[in-house]
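S.K.: Structure incoming, see below.
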Number of protein chains: 2
Amino acid sequence: MSYQPPLREHLFILRDVLAIDQYGNLPGFADASLDVVEQILDEAAKFTSEVLAPLNSVGDKEGCTWRPDNTVTTPKGFKEAYKALVAGGWPALESDPAFGGQGLPGVIGMAFSEMSSSANMAFSMYPGLTHGAYSAIAVGGSPEQKALYLPKLASGEWGGTMNLTEPHCGTDLGLLRTKAVPMGDGSYRITGQKIWISGGEHDLTENIIHLVLARIEGAPGGTRGISLFIVPKFIPNADGTPGKRNSTYCAGLEEKMGIHGNATCVMSHEEATGWLVGEENRGLAVMFVMMNEARLGVGLQGLAQAEAAYQAAVAFARERLQMRSLTGPKNPEGPADPIIVHPDVRRMLLDSRAILEAGRAFLFWTALHGDLALHHPDDAVRQKSEDYMGLMTPVLKGYLTDRGFNICSDAMQVHGGSGFTEHFPVSQYLRDCRITLIYEGTNGIQALDLVGRKLAANGGRAVMSFFAELDAFIDANADDDSLTIFVEGLAAAKAQLQEGAFWLMRNGLANPDNAGAASTDYMHLFGLTGLAYMWALMAKAANARIAAGDADPYYANKLTVGRYFVERILPNAPAHLAKLKTGAATMMSYPAEAF
Amino acid sequence: MSYQPPLREHLFILRDVLAIDQYGNLPGFADASLDVVEQILDEAAKFTSEVLAPLNSVGDKEGCTWRPDNTVTTPKGFKEAYKALVAGGWPALESDPAFGGQGLPGVIGMAFSEMSSSANMAFSMYPGLTHGAYSAIAVGGSPEQKALYLPKLASGEWGGTMNLTEPHCGTDLGLLRTKAVPMGDGSYRITGQKIWISGGEHDLTENIIHLVLARIEGAPGGTRGISLFIVPKFIPNADGTPGKRNSTYCAGLEEKMGIHGNATCVMSHEEATGWLVGEENRGLAVMFVMMNEARLGVGLQGLAQAEAAYQAAVAFARERLQMRSLTGPKNPEGPADPIIVHPDVRRMLLDSRAILEAGRAFLFWTALHGDLALHHPDDAVRQKSEDYMGLMTPVLKGYLTDRGFNICSDAMQVHGGSGFTEHFPVSQYLRDCRITLIYEGTNGIQALDLVGRKLAANGGRAVMSFFAELDAFIDANADDDSLTIFVEGLAAAKAQLQEGAFWLMRNGLANPDNAGAASTDYMHLFGLTGLAYMWALMAKAANARIAAGDADPYYANKLTVGRYFVERILPNAPAHLAKLKTGAATMMSYPAEAF
């Protein structure tokens with residue numbers, strides 16, 4: 001059985017947990033009643049499972065082809081699928097109607113993105129980065145730039161890329177060398193080499209708009225002298241059609257462990273013509289708009305690969321007959337029982353499900369805060385939602401991709417030897433998923449962003465809001481016997497997360513290495529607490545349905561997975577706290593030459 | 001920097017921790033004084049790093065080639081390297097001198113195997129399985145079979161394979177269908193298809209000896225009707241030269257995620273001529289000799305890939321300049337600091353080192369017990385050592401491969417985006433390592449073997465011996481202040497492991513699903529306790545060197561890594577105990593159709 005979009009899960013979160021109907025008065029939500037959302041997601045499920053999923057393996061096996069004339073051909077079928085994507089209006093789902101978008105809430109866009117990424121991650125990166133370029137120009141571009149580029153990027157007619165990394169600098173953008181020389185006519189000549197540029201060249205769109213970080217001649221060194229430029233593959237004519245070919249070329253493709261269907265390009269900008277986006281030397285601020293969106297998207301990719309791998313594992317576990325149940329035959333007519341009867345197989349599947357269900361809820365909950373931050377009339381709500389977006393982005397990126405990769409590995413394990421062969425899809429999910437722990441800032445960088453920046457920002461306002469929200473939920477539900485294990489689990493996790501935060505305050509300022517040493521464990525503790533909250537919210541919503549007489553076993557099953565989470569996943573929380581509190585002394589005392 | 005065999009670690013374990021000199025009176029050990037061992041390992045290090053390591057990437061990229069005439073070509077250079085391997089006498093290191101072997105202790109063979117597997121896992125599987133075939137015939141074969149086959153297998157002139165799996169049965173060998181028809185002359189006609197046969201066909205040796213599980217016509221169904229057969233590719237002439245081509249063919253190669261340099265064959269036995277090994281219907285018992293050896297070997301492979309990946313990560317972390325240390329520049333003349341200054345990078349490297357150093361010690365300690373089980377004059381020692389071999393084999397296989405894969409993944413993470421490209425070696429280590437969690441019994445099967453068989457065997461004799469040994473060590477060293485953290489850490493882990501065992505006794509018998517549900521967490525708890533013991537032994541040995549005035553910083557560094565283990569790895573133990581004690585109720589109550 002191939003990938004099936006988890007529509008039921010999406011609707012439960014949107015309807016019962018987030019209750020998006022309550023926001024009908026906000027822009028975008030008015031057009032997103034639950035009925036409409038259900039129709040959109042039905043169509044999305046059809047498109048992604050019928051058009052994109054069948055090309056996933058093709059993309060892996062065939063990969064992209066670079067030719068000496070600097071062109072890149074995508075795998076067979078990608079071009080047609082991309083045409084169908086644009087024709088269906090999918091890239092424009094959450095873009096501004098002023099630029100031809102449909103203006104739907106970001107949380108709906110996220111539901112589509114999950115399906116699209118599960119069905120075909122390598123393919124979905126093309127429109128994904130295009131949307132990032134759209135967002136960066138929407139935030140930082142001039143009115144003329146918006147008018148010229150946004151409609152084409154919103155529709156997906158043109159592609160977009162992020163050009164950050166150079167051979168000697170990835171994380172450390174302050175070292176970048178690509179230079180920009182002003183030509184006096186408002187344009188610049190951009191020269192330099194960029195690597196690992198996803199979708200840097202391909203045959204899917206008539207034009208590609210590169211967003212390139214470069215240093216204007218004479219600008220300061222380090223991160224304070226970096227500017228952002230629009231460098232189109234074809235310089236647009238006044239009427240918006242692609243004009244003269246710019247001198248920006250794909251010099252080759254990277255050979256990678258996965259995402260073979262996406263062209264990872266070495267880009268050579270050779271006195272290419274570019275235009276400044278926003279102010280001189282302030283390029284990183286705009287690029288971070290694109291990067292934050294991308295980080296949340298990468299967390300989603302990790303979850304999406306894990307969901308697809310999990311589904312493959314379930315299908316295999318139902319069909320594969322091997323050994324008898326430890327408690328007697330469950331399939332007595334067959335030669336053996338399906339392996340889904342074995343507890344250790346169920347352990348792997350439920351470990352996965354418990355993370356997937358709550359991880360998705362956490363992503364959607366955060367995306368909804370992104371919508372509220374943009375559209376809510378109340379200043380306080382907008383500020384809190386914006387704080388949450390900043391706080392949760394590194395947590396979701398780091399935690400969900402780490403766990404997502406584990407889920408892919410467990411899915412392979414359920415397959416036994418079959419999983420290691422390329423006849424089954426799980427090797428590709430595992431290989432494709434692995435990049436999500438790395439790109440858009442490694443998970444170590446996410447953890448540092450969390451403990452070094454996001455926790456402390458505005459005097460800790462964001463995390464204090466979150467703790468207060470958790471306390472309020474715990475207090476309000478303390479007497480609900482049907483929620484006891486969920487509320488207790490959440491309270492314990494929250495107490496540990498708070499203790500970790502206090503430890504960081506006491507020890508991280510005195511010695512920043514303590515913060516660095518604690519960062520990854522703290523990020524995981526945060527992720528666990530977030531998921532514990534989601535499980536409490538989901539259990540409450542499921543209880544409400546059951547209390548209202550809904551006999552669908554879906555709700556009782558939801559509670560079972562939640563109980564499994566509390567029993568089998570939450571015990572990791574004290575381990576993370578114990579580790580982080582040991583500090584940096586031991587690890588920093590080890591001599592570098594002794595490693 | 002390419003792979004460098006960790007000779008210093010090997011010598012510390014053999015000399016200071018295991019003190020193999022004390023066994024000079026046992027067969028094999030007399031020829032293995034520390035001086036001699038050091039010379040052997042020096043030569044092994046040269047051979048593996050200079051001959052095998054350079055072919056690792058070649059094997060990955062080129063893979064093996066199957067041709068319609070059923071021949072298989074190994075990657076360029078493998079044939080010459082294999083000749084050098086045989087010429088160097090490496091395959092015969094620990095084989096019986098009666099059959100041309102060198103008769104060295106198994107623990108020395110293990111040291112060589114680690115280097116060989118780190119340098120080139122896919123290549124090393126060819127002699128590895130050959131040695132397994134040697135062992136099976138040595139245990140179960142007739143004197144004539146031994147005389148005919150063992151010298152050629154010991155030297156590596158002929159290859160050997162294990163033919164167990166069929167398309168519909170891997171773990172569940174009772175379902176196997178390959179049949180054997182007696183011909184009345186002592187030979188059988190073997191017919192059936194076997195899959196995933198490592199080294200089933202290749203161009204490295206003049207003959208290949210398949211050990212094939214099959215059911216003799218009329219034998220009982222299930223595992224009680226399975227016999228083991230020798231099925232040579234070329235039927236040996238009386239003078240030992242390869243004679244007539246047998247009708248056993250490689251029908252194709254498996255496309256896999258890793259170990260591309262090893263030929264994973266579909267084998268078609270078409271009325272092939274074979275000879276029974278041991279008794280009719282008792283084939284599994286003999287095959288388990290081969291399998292247990294293979295399982296320990298797979299644990300070693302997991303560690304070996306992790307060691308190689310760790311070394312690559314260290315080299316990268318020393319060279320890659322990116323960002324400044326959180327506590328001020330450490331490389332002020334350079335554009336940035338090497339990333340090894342960053343705590344989160346050190347966390348990944350020390351997580352790895354803490355497992356690698358103690359995991360290797362645990363493997364060698366167990367291999368030494370294998371030698372004692374064979375050669376020690378005292379019955380009680382032999383029995384205890386044999387018990388330990390049985391008990392530790394699933395722990396080492398499951399725990400070290402699970403952790404080994406994590407280490408490979410962390411090594412990729414240290415590389416950042418470079419790690420995901422195939423220009424660096426770490427992708428191959430990660431992909432090659434992944435099979436070690438699966439083959440020779442998935443890690444879930446190892447965990448079941450541990451809790452379902454090994455714990456309970458002989459009334460729990462093996463685990464009781466182990467607990468008594470730990471208690472004796474803890475008591476004897478309780479007053480040694482220089483060992484406090486190690487002894488306390490070990491005592492805590494041992495108490496948790498014992499609590500887990502008691503929980504299993506109380507709950508696993510009443511409901512076997514509880515044992516299944518607890519098995520993987522219990523296996524990890526066992527692995528952690530074993531490593532805690534090894535760290536205590538290593539710390540004691542390092543302290544002794546320091547007390548004796550040895551100024552080599554190696555010993556102080558050893559203690560630092562040990563402290564890191566107690567602080568940062570051992571906190572996983574209570575999490576495993578908490579999880580396993582939740583039992584099977586929740587996971588078994590989830591409906592199969594709801595997954």
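Note on naming: chains are A, B, ... as they come in the structure tokens, residues start from 1 per chain, ligands start from 1 in the order shown.
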Report as an mmCIF file with N, CA, C and O atoms, in the first residue's frame all protein, DNA and RNA residues lying within 6 Å of A:Ser117, evaluated on only C-alpha atoms, omitting residues in the same chain fewer than 4 positions from it.

M.R.:
data_model
loop_
_atom_site.group_PDB
_atom_site.id
_atom_site.type_symbol
_atom_site.label_atom_id
_atom_site.label_comp_id
_atom_site.auth_asym_id
_atom_site.auth_seq_id
_atom_site.Cartn_x
_atom_site.Cartn_y
_atom_site.Cartn_z
ATOM 1 N N SER A 113 1.189 20.978 2.842
ATOM 2 C CA SER A 113 2.638 20.739 2.759
ATOM 3 C C SER A 113 3.019 19.389 3.342
ATOM 4 O O SER A 113 3.932 18.722 2.839
ATOM 5 N N MET A 121 9.125 14.223 -1.102
ATOM 6 C CA MET A 121 9.863 15.319 -0.470
ATOM 7 C C MET A 121 10.738 16.068 -1.466
ATOM 8 O O MET A 121 10.772 17.295 -1.481
ATOM 9 N N SER A 124 8.697 18.290 -3.598
ATOM 10 C CA SER A 124 8.025 19.360 -2.859
ATOM 11 C C SER A 124 8.969 20.468 -2.447
ATOM 12 O O SER A 124 8.529 21.570 -2.113
ATOM 13 N N GLN A 301 8.913 18.477 7.276
ATOM 14 C CA GLN A 301 9.464 17.429 6.396
ATOM 15 C C GLN A 301 9.886 16.195 7.197
ATOM 16 O O GLN A 301 9.671 15.065 6.777
ATOM 17 N N ALA A 304 6.880 14.435 8.063
ATOM 18 C CA ALA A 304 6.221 13.890 6.867
ATOM 19 C C ALA A 304 6.915 12.620 6.378
ATOM 20 O O ALA A 304 6.241 11.648 5.992
#

S.K.: Could the residues of chain A within 6 Å of chain B, counting only C-alpha atoms, be given as a VMD selection string, please?

M.R.: chain A and resid 172 255 to 257 322 to 323 326 343 to 344 416 420 to 422 438 512 516 to 517 568 571 to 572 575 579

S.K.: May I ask for the distance between atom CA of A:Glu144 and atom CA of A:Ile209, given in Å to one decimal place?

M.R.: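 About the pair atom CA of A:Glu144 and atom CA of A:Ile209: they are 15.1 Å apart.
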
S.K.: Just give me the gap between atom CA of A:Glu279 and atom CA of A:Leu176 in Å, one decimal is fine.

M.R.: 18.0 Å

S.K.: Please provide the set of residues having any atom within 12 Å of A:Asp69, restricted to only C-alpha atoms, with same-chain residues fewer than 4 positions apart removed, written as a ChimeraX atom specification.

M.R.: /A:65,73,201,249-252
